[in-house]
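Visitor: Provided herewith: entry.cif, mmCIF, C-alpha atoms and all ligand atoms.
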data_coords
loop_
_atom_site.label_atom_id
_atom_site.label_comp_id
_atom_site.auth_asym_id
_atom_site.auth_seq_id
_atom_site.Cartn_x
_atom_site.Cartn_y
_atom_site.Cartn_z
CA MET A 16 18.10 180.48 94.51
CA LYS A 17 15.64 182.06 92.10
CA ARG A 18 13.33 184.58 93.72
CA LEU A 19 9.61 184.31 92.97
CA TYR A 20 6.92 186.81 93.92
CA MET A 21 3.73 185.38 95.36
CA GLN A 22 0.46 187.28 95.28
CA GLU A 23 -2.42 186.14 97.47
CA VAL A 24 -5.93 186.52 96.02
CA ALA A 25 -8.10 184.51 98.45
CA THR A 26 -9.68 187.54 100.08
CA ARG A 27 -10.81 188.79 96.64
CA ASP A 28 -11.03 185.98 94.08
CA GLY A 29 -11.84 183.50 96.85
CA PHE A 30 -14.24 185.38 99.07
CA GLN A 31 -16.18 186.96 96.15
CA ASN A 32 -17.39 183.50 95.29
CA GLU A 33 -18.59 182.29 98.68
CA ALA A 34 -22.32 182.00 99.32
CA THR A 35 -22.01 182.91 103.01
CA PHE A 36 -21.07 186.50 103.76
CA ILE A 37 -17.76 186.50 105.61
CA ASP A 38 -17.79 188.93 108.51
CA THR A 39 -15.83 192.11 107.89
CA ALA A 40 -13.80 191.55 111.08
CA ASP A 41 -12.85 188.05 109.86
CA LYS A 42 -11.77 189.42 106.49
CA ILE A 43 -9.61 192.03 108.21
CA ALA A 44 -8.07 189.43 110.54
CA MET A 45 -7.32 187.18 107.57
CA VAL A 46 -5.58 189.95 105.60
CA ASN A 47 -3.59 190.90 108.73
CA ALA A 48 -2.51 187.27 109.22
CA LEU A 49 -1.52 186.96 105.56
CA SER A 50 0.46 190.20 105.78
CA GLN A 51 2.88 188.41 108.15
CA CYS A 52 3.49 185.52 105.73
CA GLY A 53 5.92 186.99 103.20
CA TYR A 54 3.73 187.70 100.19
CA ALA A 55 4.82 190.31 97.65
CA LYS A 56 1.22 191.41 97.13
CA ILE A 57 -2.21 190.78 98.61
CA GLU A 58 -5.38 191.40 96.64
CA VAL A 59 -7.46 192.58 99.54
CA THR A 60 -10.89 193.10 98.03
CA SER A 61 -12.79 194.41 95.05
CA PHE A 62 -14.44 197.76 94.36
CA THR A 63 -17.17 196.36 92.15
CA SER A 64 -20.84 197.09 92.37
CA PRO A 65 -22.17 195.67 95.67
CA LYS A 66 -25.20 194.43 93.71
CA ALA A 67 -22.95 192.43 91.37
CA ILE A 68 -20.64 191.07 94.12
CA PRO A 69 -22.46 191.36 97.48
CA ALA A 70 -19.79 189.24 99.21
CA LEU A 71 -17.34 192.18 98.98
CA ARG A 72 -19.74 195.01 99.74
CA ASP A 73 -17.57 195.94 102.75
CA ALA A 74 -14.53 196.80 100.58
CA GLU A 75 -13.96 200.29 102.04
CA GLU A 76 -14.15 199.14 105.63
CA VAL A 77 -11.78 196.24 105.02
CA MET A 78 -9.27 198.38 103.15
CA HIS A 79 -9.36 201.12 105.80
CA SER A 80 -9.07 198.74 108.77
CA ILE A 81 -6.27 196.37 107.80
CA THR A 82 -2.80 196.86 109.30
CA ARG A 83 -0.47 197.33 106.38
CA LYS A 84 2.95 195.79 106.58
CA PRO A 85 5.75 197.73 104.89
CA GLY A 86 7.09 195.81 101.91
CA VAL A 87 3.75 194.16 101.12
CA GLU A 88 1.75 195.73 98.30
CA TYR A 89 -2.00 195.98 98.81
CA THR A 90 -3.96 195.77 95.59
CA VAL A 91 -7.69 195.77 94.82
CA LEU A 92 -9.80 194.85 91.84
CA VAL A 93 -11.29 197.81 90.01
CA PRO A 94 -13.85 197.28 87.22
CA ASN A 95 -14.67 200.90 86.29
CA LEU A 96 -14.20 204.59 87.08
CA ARG A 97 -16.51 204.47 90.10
CA GLY A 98 -14.41 201.58 91.47
CA ALA A 99 -11.21 203.54 90.83
CA GLU A 100 -12.49 206.55 92.80
CA ARG A 101 -13.43 204.28 95.70
CA ALA A 102 -10.04 202.55 95.61
CA LEU A 103 -8.12 205.84 95.51
CA GLY A 104 -10.13 206.99 98.51
CA CYS A 105 -8.66 204.08 100.47
CA GLY A 106 -5.04 204.73 99.50
CA VAL A 107 -4.40 201.40 97.80
CA ASP A 108 -0.91 200.63 96.47
CA GLU A 109 -2.18 199.22 93.19
CA ALA A 110 -5.41 199.10 91.22
CA ASN A 111 -5.97 195.83 89.42
CA LEU A 112 -8.17 196.59 86.43
CA VAL A 113 -9.98 193.77 84.73
CA MET A 114 -11.30 192.94 81.31
CA SER A 115 -11.66 189.80 79.28
CA VAL A 116 -10.01 189.12 75.94
CA SER A 117 -13.11 187.13 75.00
CA GLU A 118 -16.14 189.12 73.87
CA PRO A 119 -18.84 186.86 75.38
CA HIS A 120 -16.99 186.54 78.70
CA ASN A 121 -16.46 190.29 78.91
CA ARG A 122 -20.15 190.88 78.23
CA SER A 123 -21.29 188.44 80.90
CA ASN A 124 -18.71 189.52 83.51
CA LEU A 125 -18.66 193.27 82.98
CA ARG A 126 -21.80 193.85 80.90
CA MET A 127 -19.84 195.73 78.26
CA THR A 128 -18.23 195.01 74.93
CA ARG A 129 -14.45 194.71 75.03
CA GLU A 130 -14.15 198.07 73.27
CA GLN A 131 -16.38 199.70 75.87
CA SER A 132 -14.29 198.14 78.62
CA PHE A 133 -11.08 199.34 77.02
CA ALA A 134 -12.44 202.88 76.66
CA GLN A 135 -13.47 202.90 80.34
CA LEU A 136 -10.19 201.42 81.55
CA LYS A 137 -8.26 203.93 79.47
CA GLU A 138 -10.08 206.67 81.36
CA VAL A 139 -9.38 204.92 84.68
CA ILE A 140 -5.68 204.65 83.81
CA SER A 141 -5.48 208.32 82.90
CA VAL A 142 -7.01 209.24 86.28
CA ILE A 143 -4.90 206.83 88.38
CA GLY A 144 -1.76 207.34 86.31
CA GLN A 145 -1.41 210.89 87.62
CA GLY A 146 -0.82 209.69 91.20
CA PRO A 147 1.42 207.22 93.03
CA VAL A 148 -0.90 204.22 92.62
CA ALA A 149 0.37 201.54 90.25
CA VAL A 150 -1.89 200.02 87.62
CA ASN A 151 -2.10 196.34 86.73
CA VAL A 152 -4.48 194.92 84.15
CA SER A 153 -5.81 191.41 84.58
CA LEU A 154 -6.76 189.95 81.23
CA SER A 155 -9.31 187.17 81.72
CA THR A 156 -9.68 184.03 79.59
CA VAL A 157 -6.35 184.44 77.74
CA PHE A 158 -5.96 180.65 77.61
CA GLY A 159 -9.50 180.01 76.45
CA CYS A 160 -13.08 181.05 77.10
CA PRO A 161 -15.86 178.61 78.02
CA MET A 162 -18.20 180.33 75.56
CA GLN A 163 -15.85 181.18 72.71
CA GLY A 164 -13.11 178.53 72.89
CA ASP A 165 -9.51 179.43 72.18
CA VAL A 166 -8.45 183.05 71.94
CA ALA A 167 -5.74 183.55 69.30
CA LEU A 168 -2.27 184.35 70.63
CA ASN A 169 -2.03 187.44 68.44
CA GLU A 170 -5.28 188.73 69.82
CA VAL A 171 -4.00 188.34 73.38
CA LEU A 172 -0.74 190.07 72.44
CA GLY A 173 -2.77 192.86 70.83
CA TRP A 174 -4.62 193.55 74.11
CA VAL A 175 -1.38 193.48 76.13
CA ASP A 176 0.08 195.92 73.62
CA ARG A 177 -2.86 198.32 73.93
CA PHE A 178 -2.49 198.44 77.71
CA ALA A 179 1.32 198.62 77.58
CA SER A 180 0.94 201.68 75.37
CA LEU A 181 -1.14 203.31 78.12
CA GLY A 182 1.80 202.88 80.52
CA VAL A 183 0.44 200.25 82.91
CA ARG A 184 3.03 198.69 85.23
CA GLY A 185 1.84 195.12 84.91
CA VAL A 186 -0.39 192.66 83.12
CA THR A 187 -1.80 189.43 84.55
CA LEU A 188 -2.51 186.57 82.21
CA CYS A 189 -5.55 184.85 83.71
CA ASP A 190 -6.69 181.32 83.10
CA THR A 191 -10.11 182.23 84.44
CA THR A 192 -11.73 178.84 83.94
CA GLY A 193 -8.84 176.39 84.01
CA MET A 194 -8.56 175.83 80.26
CA ALA A 195 -4.78 176.35 80.05
CA TYR A 196 -2.32 173.51 79.54
CA PRO A 197 1.45 173.64 80.17
CA SER A 198 2.86 173.92 76.64
CA GLN A 199 0.30 176.61 75.79
CA VAL A 200 1.22 178.50 78.97
CA GLN A 201 4.91 178.32 78.14
CA ALA A 202 4.37 179.59 74.59
CA LEU A 203 2.12 182.51 75.55
CA SER A 204 4.22 183.51 78.57
CA LEU A 205 7.38 183.49 76.46
CA ALA A 206 5.76 185.54 73.71
CA VAL A 207 4.56 188.15 76.23
CA ILE A 208 7.86 188.34 78.15
CA GLN A 209 9.91 188.66 74.99
CA ARG A 210 7.70 191.33 73.48
CA PHE A 211 7.07 193.32 76.67
CA PRO A 212 10.22 192.99 78.80
CA GLU A 213 9.37 196.18 80.71
CA LEU A 214 6.03 194.85 82.01
CA GLN A 215 5.55 193.11 85.35
CA ILE A 216 3.93 189.84 84.20
CA THR A 217 1.82 187.71 86.55
CA LEU A 218 0.28 184.32 85.82
CA HIS A 219 -3.10 183.53 87.37
CA PHE A 220 -4.24 179.92 87.22
CA HIS A 221 -7.42 178.18 88.23
CA ASN A 222 -7.26 174.47 88.97
CA THR A 223 -10.57 173.63 87.31
CA ARG A 224 -9.08 170.74 85.35
CA GLY A 225 -6.24 169.85 87.71
CA MET A 226 -3.53 171.46 85.57
CA ALA A 227 -2.63 174.53 87.62
CA LEU A 228 0.64 173.21 89.14
CA ALA A 229 1.73 171.81 85.78
CA ASN A 230 0.87 175.16 84.17
CA THR A 231 3.05 176.89 86.77
CA LEU A 232 5.99 174.80 85.59
CA GLY A 233 5.23 175.85 82.01
CA ALA A 234 5.30 179.48 83.09
CA LEU A 235 8.54 179.03 85.07
CA GLN A 236 10.21 177.55 82.01
CA ALA A 237 9.28 180.73 80.13
CA GLY A 238 10.89 182.86 82.87
CA VAL A 239 7.77 184.01 84.75
CA ASP A 240 8.55 184.95 88.37
CA ARG A 241 5.20 186.23 89.67
CA PHE A 242 2.14 184.16 90.51
CA ASP A 243 -1.34 184.73 91.86
CA SER A 244 -2.72 181.97 94.07
CA SER A 245 -5.46 181.52 96.59
CA LEU A 246 -5.21 180.18 100.11
CA GLY A 247 -7.06 176.89 100.41
CA GLY A 248 -7.64 176.93 96.65
CA LEU A 249 -10.70 179.15 97.07
CA GLY A 250 -12.03 181.03 94.11
CA GLY A 251 -13.87 180.91 90.88
CA CYS A 252 -15.57 183.28 88.56
CA PRO A 253 -19.23 184.03 89.14
CA TYR A 254 -19.62 184.69 85.40
CA ALA A 255 -17.92 181.60 84.01
CA PRO A 256 -19.90 178.38 83.98
CA GLY A 257 -18.15 175.54 85.85
CA ALA A 258 -15.24 177.69 87.02
CA SER A 259 -13.65 176.47 90.21
CA GLY A 260 -10.88 177.45 92.56
CA ASN A 261 -7.60 179.19 91.97
CA VAL A 262 -4.41 177.25 92.33
CA CYS A 263 -4.03 176.62 96.06
CA THR A 264 -1.30 178.81 97.59
CA GLU A 265 -0.01 176.24 100.07
CA ASP A 266 0.11 173.48 97.42
CA LEU A 267 1.96 175.84 95.07
CA VAL A 268 4.42 177.19 97.66
CA HIS A 269 5.08 173.65 98.93
CA MET A 270 6.02 172.51 95.42
CA LEU A 271 8.10 175.59 94.60
CA GLN A 272 10.07 175.41 97.87
CA LEU A 273 10.84 171.71 97.30
CA MET A 274 12.18 172.69 93.88
CA GLY A 275 14.53 175.23 95.48
CA TYR A 276 12.72 178.46 94.63
CA ASP A 277 12.72 181.33 97.11
CA THR A 278 9.04 182.25 97.35
CA GLY A 279 9.49 184.50 100.38
CA VAL A 280 6.41 182.82 101.85
CA ASN A 281 6.30 181.18 105.27
CA LEU A 282 4.60 177.85 104.52
CA ASP A 283 3.71 177.08 108.15
CA GLY A 284 2.23 180.55 108.48
CA ILE A 285 -0.07 180.16 105.48
CA LEU A 286 -1.03 176.62 106.54
CA ALA A 287 -2.17 178.02 109.88
CA ALA A 288 -4.19 180.70 108.08
CA SER A 289 -5.63 178.15 105.66
CA ALA A 290 -6.76 175.95 108.55
CA LYS A 291 -9.06 178.80 109.62
CA LEU A 292 -10.86 179.02 106.25
CA PRO A 293 -13.40 176.18 106.66
CA GLY A 294 -14.66 177.88 109.83
CA LEU A 295 -15.16 181.15 107.91
CA ILE A 296 -16.75 179.79 104.74
CA GLY A 297 -18.66 176.87 106.21
CA HIS A 298 -17.18 174.11 104.07
CA PRO A 299 -13.86 172.34 103.56
CA THR A 300 -11.32 173.67 101.05
CA PRO A 301 -9.55 171.64 98.35
CA SER A 302 -6.12 172.28 99.97
CA GLN A 303 -4.06 169.13 99.52
CA ILE A 304 -1.16 170.05 101.78
CA LEU A 305 -3.50 170.96 104.62
CA THR A 306 -5.06 167.50 104.27
CA ALA A 307 -1.94 165.43 103.63
CA GLY A 308 0.71 167.49 105.42
CA LYS A 309 4.04 168.55 103.96
CA ARG A 310 6.10 165.95 102.15
CA LEU A 311 8.44 165.33 105.09
CA ASP A 312 5.91 165.67 107.90
CA LEU A 313 6.72 162.16 109.07
CA HIS A 314 4.16 160.03 110.87
CA PRO A 315 4.95 157.90 113.94
CA ILE A 316 5.73 154.30 113.19
CA PRO A 317 2.60 152.26 114.06
CA GLU A 318 2.86 150.32 117.36
CA HIS A 319 2.46 146.89 115.76
CA LEU A 320 5.54 147.59 113.65
CA HIS A 321 7.52 148.32 116.85
CA THR A 322 6.50 144.92 118.23
CA LEU A 323 7.34 143.29 114.94
CA SER A 324 10.77 144.91 114.77
CA LYS A 325 11.50 143.93 118.39
CA GLN A 326 10.69 140.33 117.44
CA VAL A 327 13.00 140.57 114.44
CA VAL A 328 15.81 142.05 116.57
CA SER A 329 15.50 139.42 119.28
CA ALA A 330 15.36 136.63 116.71
CA PHE A 331 18.47 138.12 115.10
CA THR A 332 20.41 138.65 118.36
CA GLY A 333 19.26 135.23 119.57
CA ALA A 334 20.62 133.68 116.42
CA ASN A 335 23.99 135.33 117.07
CA LYS A 336 24.36 134.01 120.62
N1 LIG A 401 -18.80 200.49 92.85
C1 LIG A 401 -20.00 200.69 93.43
N2 LIG A 401 -21.14 200.76 92.74
C2 LIG A 401 -21.08 200.65 91.41
C3 LIG A 401 -19.86 200.45 90.74
C4 LIG A 401 -18.68 200.36 91.54
N3 LIG A 401 -17.50 200.14 91.00
N4 LIG A 401 -20.09 200.37 89.44
C5 LIG A 401 -21.41 200.52 89.26
N5 LIG A 401 -22.01 200.68 90.45
C6 LIG A 401 -23.42 200.83 90.72
C7 LIG A 401 -24.00 202.04 90.08
O1 LIG A 401 -23.86 203.15 90.92
C8 LIG A 401 -25.44 201.63 89.89
O2 LIG A 401 -26.12 201.72 91.12
P1 LIG A 401 -27.68 202.07 91.19
O3 LIG A 401 -28.38 200.92 90.50
O4 LIG A 401 -27.96 202.14 92.65
O5 LIG A 401 -27.81 203.36 90.45
C9 LIG A 401 -25.32 200.15 89.58
O6 LIG A 401 -24.10 199.72 90.16
C10 LIG A 401 -25.33 199.86 88.09
O7 LIG A 401 -24.37 200.68 87.49
P2 LIG A 401 -23.94 200.50 85.94
O8 LIG A 401 -22.99 201.59 85.59
O9 LIG A 401 -25.17 200.35 85.09
O10 LIG A 401 -23.10 199.22 85.96
P3 LIG A 401 -23.52 197.73 85.63
O11 LIG A 401 -24.75 197.32 86.35
O12 LIG A 401 -23.45 197.57 84.16
O13 LIG A 401 -22.29 196.96 86.30
C11 LIG A 401 -20.02 196.49 86.81
C12 LIG A 401 -20.98 197.08 85.81
C13 LIG A 401 -18.72 196.17 86.11
C14 LIG A 401 -19.75 197.49 87.88
C15 LIG A 401 -20.62 195.25 87.45
O14 LIG A 401 -21.09 194.39 86.46
C16 LIG A 401 -19.65 194.51 88.31
O15 LIG A 401 -19.20 195.00 89.33
N6 LIG A 401 -19.37 193.26 87.93
C17 LIG A 401 -18.52 192.38 88.68
C18 LIG A 401 -17.25 192.11 87.92
C19 LIG A 401 -16.39 191.23 88.75
O16 LIG A 401 -15.84 191.64 89.76
N7 LIG A 401 -16.23 189.98 88.35
C20 LIG A 401 -15.45 189.02 89.03
C21 LIG A 401 -14.00 189.30 88.96
S1 LIG A 401 -13.25 188.98 87.41
ZN ZN A 402 -9.40 184.21 89.01
#
Would you encode the structure as structure tokens?
Guide:
Amino acid sequence: MKRLYMQEVATRDGFQNEATFIDTADKIAMVNALSQCGYAKIEVTSFTSPKAIPALRDAEEVMHSITRKPGVEYTVLVPNLRGAERALGCGVDEANLVMSVSEPHNRSNLRMTREQSFAQLKEVISVIGQGPVAVNVSLSTVFGCPMQGDVALNEVLGWVDRFASLGVRGVTLCDTTGMAYPSQVQALSLAVIQRFPELQITLHFHNTRGMALANTLGALQAGVDRFDSSLGGLGGCPYAPGASGNVCTEDLVHMLQLMGYDTGVNLDGILAASAKLPGLIGHPTPSQILTAGKRLDLHPIPEHLHTLSKQVVSAFTGANK
């Protein structure tokens, strides 16, 4: 059974996008519940500017108050040096740095050119790299940018290469606005895995155009074994027009388990956690498995069918008398 590594991002990618502020205690309770569900990694929060992302202005308190489960890695998003200092102060396991491979998206999301971002992140990596905290770099819009269009494969590989040379542990290929399609995902994933076999590669899909599960299959065919996903399909990018939720964790895990993959994740556990989300965010989520149930959650046979089948049986037994 092939082992896959699931990384939950709802409390960061999901919560950063919600209009209502989710109480700090609720965030902590959610992370604690998710810690019991078998994830490889949980992206707890984000050390961005509280003016830019007010929804996650309680990052320190959340990070300090969660109960960490051994074996689960706790990562946080870090946009700059100030964010790195804050994250290190909380003893995170991993810092997830972020920049976009598209110039206009990087400018709108991080208010810097890509070169400025790279220079900053290089500094961040040199600071973090001296300690025990791992570094991952999430590259946004690698499958297309809503302002620029396609980003050339060689350009994406070039950015992965620049970060690999700085010694990062992992790189996440992000489909920030759901522009990826399966054959493109397979080709880019394969190119990255073949060229950078030492890197921990994660795929991060948004379901904006309904292709996230199909894209996961494309990535699996290329040999990817690590996926970001968001409970309830929450998420989006505040700086990408029309962006909507991440691939829904329970929908993804449900599919992968049916296909015989070992995700490590307890599906009933995450469904119970997902059922709590609407109460926290004030609206329903796009989770399909929460709505429809698991494939073999059988429903009782309707009463009128019982009556009908009794009639059939008695007609049949009567005929045999
Ligand atoms: N943590 C806390 N405060 C921060 C900070 C951080 N990581 N980075 C900057 N700030 C504060 C500064 O102290 C300054 O505060 P002040 O106005 O009270 O002096 C203010 O934010 C502006 O700082 P500046 O260096 O000019 O940054 P900026 O305004 O250009 O913002 C980012 C840069 C990257 C920090 C900001 O745009 C950001 O956080 N964007 C969100 C990116 C994101 O998470 N996107 C979604 C995920 S992909
Ligand atoms: Zn995302």
Visitor: Report as a Markdown table the residues of chain A within 10 Å of ligand LIG 401 (chain A), each with its shortest atom pair and distance in Å (one decimal), using all atoms listed in the file, ordered by chain and increasing residue number.
Guide:
| residue | atom | partner | partner_atom | distance |
| --- | --- | --- | --- | --- |
| A:Arg27 | CA | A:LIG401 | C21 | 8.3 |
| A:Asp28 | CA | A:LIG401 | C21 | 6.8 |
| A:Gln31 | CA | A:LIG401 | C20 | 7.4 |
| A:Asn32 | CA | A:LIG401 | C20 | 8.6 |
| A:Thr60 | CA | A:LIG401 | O16 | 9.7 |
| A:Ser61 | CA | A:LIG401 | O16 | 6.7 |
| A:Phe62 | CA | A:LIG401 | N3 | 5.1 |
| A:Thr63 | CA | A:LIG401 | O15 | 3.7 |
| A:Ser64 | CA | A:LIG401 | C2 | 3.7 |
| A:Pro65 | CA | A:LIG401 | C1 | 5.9 |
| A:Lys66 | CA | A:LIG401 | O6 | 6.5 |
| A:Ala67 | CA | A:LIG401 | C16 | 5.0 |
| A:Ile68 | CA | A:LIG401 | C17 | 6.0 |
| A:Pro69 | CA | A:LIG401 | O15 | 9.5 |
| A:Leu71 | CA | A:LIG401 | O16 | 9.4 |
| A:Arg72 | CA | A:LIG401 | C1 | 8.5 |
| A:Ala74 | CA | A:LIG401 | N1 | 9.6 |
| A:Leu92 | CA | A:LIG401 | O16 | 7.1 |
| A:Val93 | CA | A:LIG401 | N3 | 6.7 |
| A:Pro94 | CA | A:LIG401 | C13 | 5.1 |
| A:Asn95 | CA | A:LIG401 | N3 | 5.5 |
| A:Leu96 | CA | A:LIG401 | N3 | 6.8 |
| A:Arg97 | CA | A:LIG401 | N3 | 4.5 |
| A:Gly98 | CA | A:LIG401 | N3 | 3.4 |
| A:Ala99 | CA | A:LIG401 | N3 | 7.2 |
| A:Glu100 | CA | A:LIG401 | N3 | 8.3 |
| A:Arg101 | CA | A:LIG401 | N1 | 7.2 |
| A:Ala102 | CA | A:LIG401 | N3 | 9.1 |
| A:Leu112 | CA | A:LIG401 | S1 | 9.2 |
| A:Val113 | CA | A:LIG401 | S1 | 6.4 |
| A:Met114 | CA | A:LIG401 | S1 | 7.5 |
| A:Ser115 | CA | A:LIG401 | S1 | 8.3 |
| A:His120 | CA | A:LIG401 | S1 | 9.8 |
| A:Asn121 | CA | A:LIG401 | S1 | 9.2 |
| A:Arg122 | CA | A:LIG401 | O14 | 9.0 |
| A:Ser123 | CA | A:LIG401 | O14 | 8.1 |
| A:Asn124 | CA | A:LIG401 | C18 | 5.3 |
| A:Leu125 | CA | A:LIG401 | C13 | 4.3 |
| A:Arg126 | CA | A:LIG401 | O12 | 5.2 |
| A:Met127 | CA | A:LIG401 | O12 | 7.2 |
| A:Ser132 | CA | A:LIG401 | C13 | 8.9 |
| A:Ser153 | CA | A:LIG401 | S1 | 8.3 |
| A:Leu154 | CA | A:LIG401 | S1 | 9.0 |
| A:Ser155 | CA | A:LIG401 | S1 | 7.2 |
| A:Thr156 | CA | A:LIG401 | S1 | 9.9 |
| A:Cys189 | CA | A:LIG401 | S1 | 9.5 |
| A:Thr191 | CA | A:LIG401 | S1 | 8.0 |
| A:Gly250 | CA | A:LIG401 | C21 | 9.9 |
| A:Gly251 | CA | A:LIG401 | C20 | 8.5 |
| A:Cys252 | CA | A:LIG401 | C20 | 5.8 |
| A:Pro253 | CA | A:LIG401 | C20 | 6.3 |
| A:Tyr254 | CA | A:LIG401 | N7 | 6.9 |
| A:Ala255 | CA | A:LIG401 | C20 | 9.3 |
Visitor: What separation in Å, quoted to one decimal, exists between CA of Met194 (chain A) and CA of Ala134 (chain A)?
Guide: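 According to the coordinates, CA of Met194 (chain A) and CA of Ala134 (chain A) are separated by 27.6 Å.
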Visitor: Pick out the closest residue to ligand ZN 402 (chain A) from this set: A:Val262, A:Leu103, A:Leu19, A:Val280. Count all atoms listed in the file.
Guide: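 Counting all atoms listed in the file, the residue closest to ligand ZN 402 (chain A) is A:Val262.
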Visitor: Check the smallest atom-to-atom distance from each of A:Cys263, A:Ile43, A:Ile316, A:Ala229 to ligand ZN 402 (chain A) using all atoms listed in the file, then report the winner.
Guide: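 Nearest to ligand ZN 402 (chain A): A:Cys263.
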Visitor: Just the number, please: distance in Å from CA of Arg310 (chain A) to CA of Leu292 (chain A), one decimal.
Guide: 21.8 Å
Visitor: Hey, can you check how far CA of Ser245 (chain A) sits from CA of Ala25 (chain A)?
Guide: 4.4 Å
Visitor: Name the closest residue to Val24 (chain A) among the candidates A:Asn281, A:Gln163, A:Thr322, A:Asn111; distances are taken between atoms, counting only C-alpha atoms.
Guide: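 For Val24 (chain A), the nearest of the given residues is A:Asn111.
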Visitor: Could you give me, as a PyMOL selection string, the residues within 7 Å of Ile296 (chain A), counting all atoms listed in the file and dropping anything in the same chain fewer than 6 positions from it?
Guide: chain A and resi 33+35+37
Visitor: Which residues are close to Ala290 (chain A), i.e. within 10 Å by all atoms listed in the file, leaving aside same-chain residues fewer than 6 positions away? Reply as a list in words.
Guide: Leu246, Gly247, Pro299, Thr300, Ser302, Leu305 and Thr306 of chain A
Visitor: Dig up all the protein and nucleic acid residues within 12 Å of (6.5, 181.4, 73.0) in the file frame, using only C-alpha atoms, and format them as a PyMOL selection string.
Guide: chain A and resi 168-169+172+197-210+233-234+236-238
Visitor: Check the smallest atom-to-atom distance from each of A:Leu218, A:Val175, A:Ala48, A:Met226 to ligand ZN 402 (chain A) using only C-alpha atoms and all ligand atoms, then report the winner.
Guide: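 Selected residue with least distance to ligand ZN 402 (chain A): A:Leu218.
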Visitor: Taking (1.4, 185.9, 96.1) in the file's coordinates as the center, which residues reach within 7 Å of it, counting all atoms listed in the file, put as a ChimeraX atom specification?
Guide: /A:20-23,54-57,242-244
Visitor: Looking at A:Gly159, A:Gly260, A:Gly182, A:Pro212, which one is nearest to ligand ZN 402 (chain A), with distances taken over only C-alpha atoms and all ligand atoms?
Guide: A:Gly260
Visitor: Just checking: using all atoms listed in the file, which residue out of A:Tyr196, A:Asp240, A:Asn151, A:Asp277 ends up closest to Gly225 (chain A)?
Guide: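 Closest residue, counting all atoms listed in the file: A:Tyr196.
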Visitor: Leaving out Val166 (chain A) and any residue of its chain fewer than 5 positions from it, which residues lie within 8 Å of it when counting only C-alpha atoms, given as an MDAnalysis selection string?
Guide: chainID A and resid 116:117 156:160 171
Visitor: Near Lys42 (chain A), within 9 Å and counting all atoms listed in the file, which residues show up once chain neighbours fewer than 5 positions away are dropped, as a VMD selection string?
Guide: chain A and resid 26 30 37 47 59 77 81
Visitor: Report as a list in words all protein, DNA and RNA residues lying within 12 Å of Gln272 (chain A), evaluated on all atoms listed in the file, omitting residues in the same chain fewer than 4 positions from it.
Guide: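 That gives Met16, Lys17, Arg18, Leu19, Thr264, Glu265, Asp266, Leu267, Val268, Tyr276, Asp277, Thr278, Gly279, Val280, Asn281, Leu282, Lys309 and Arg310 of chain A.
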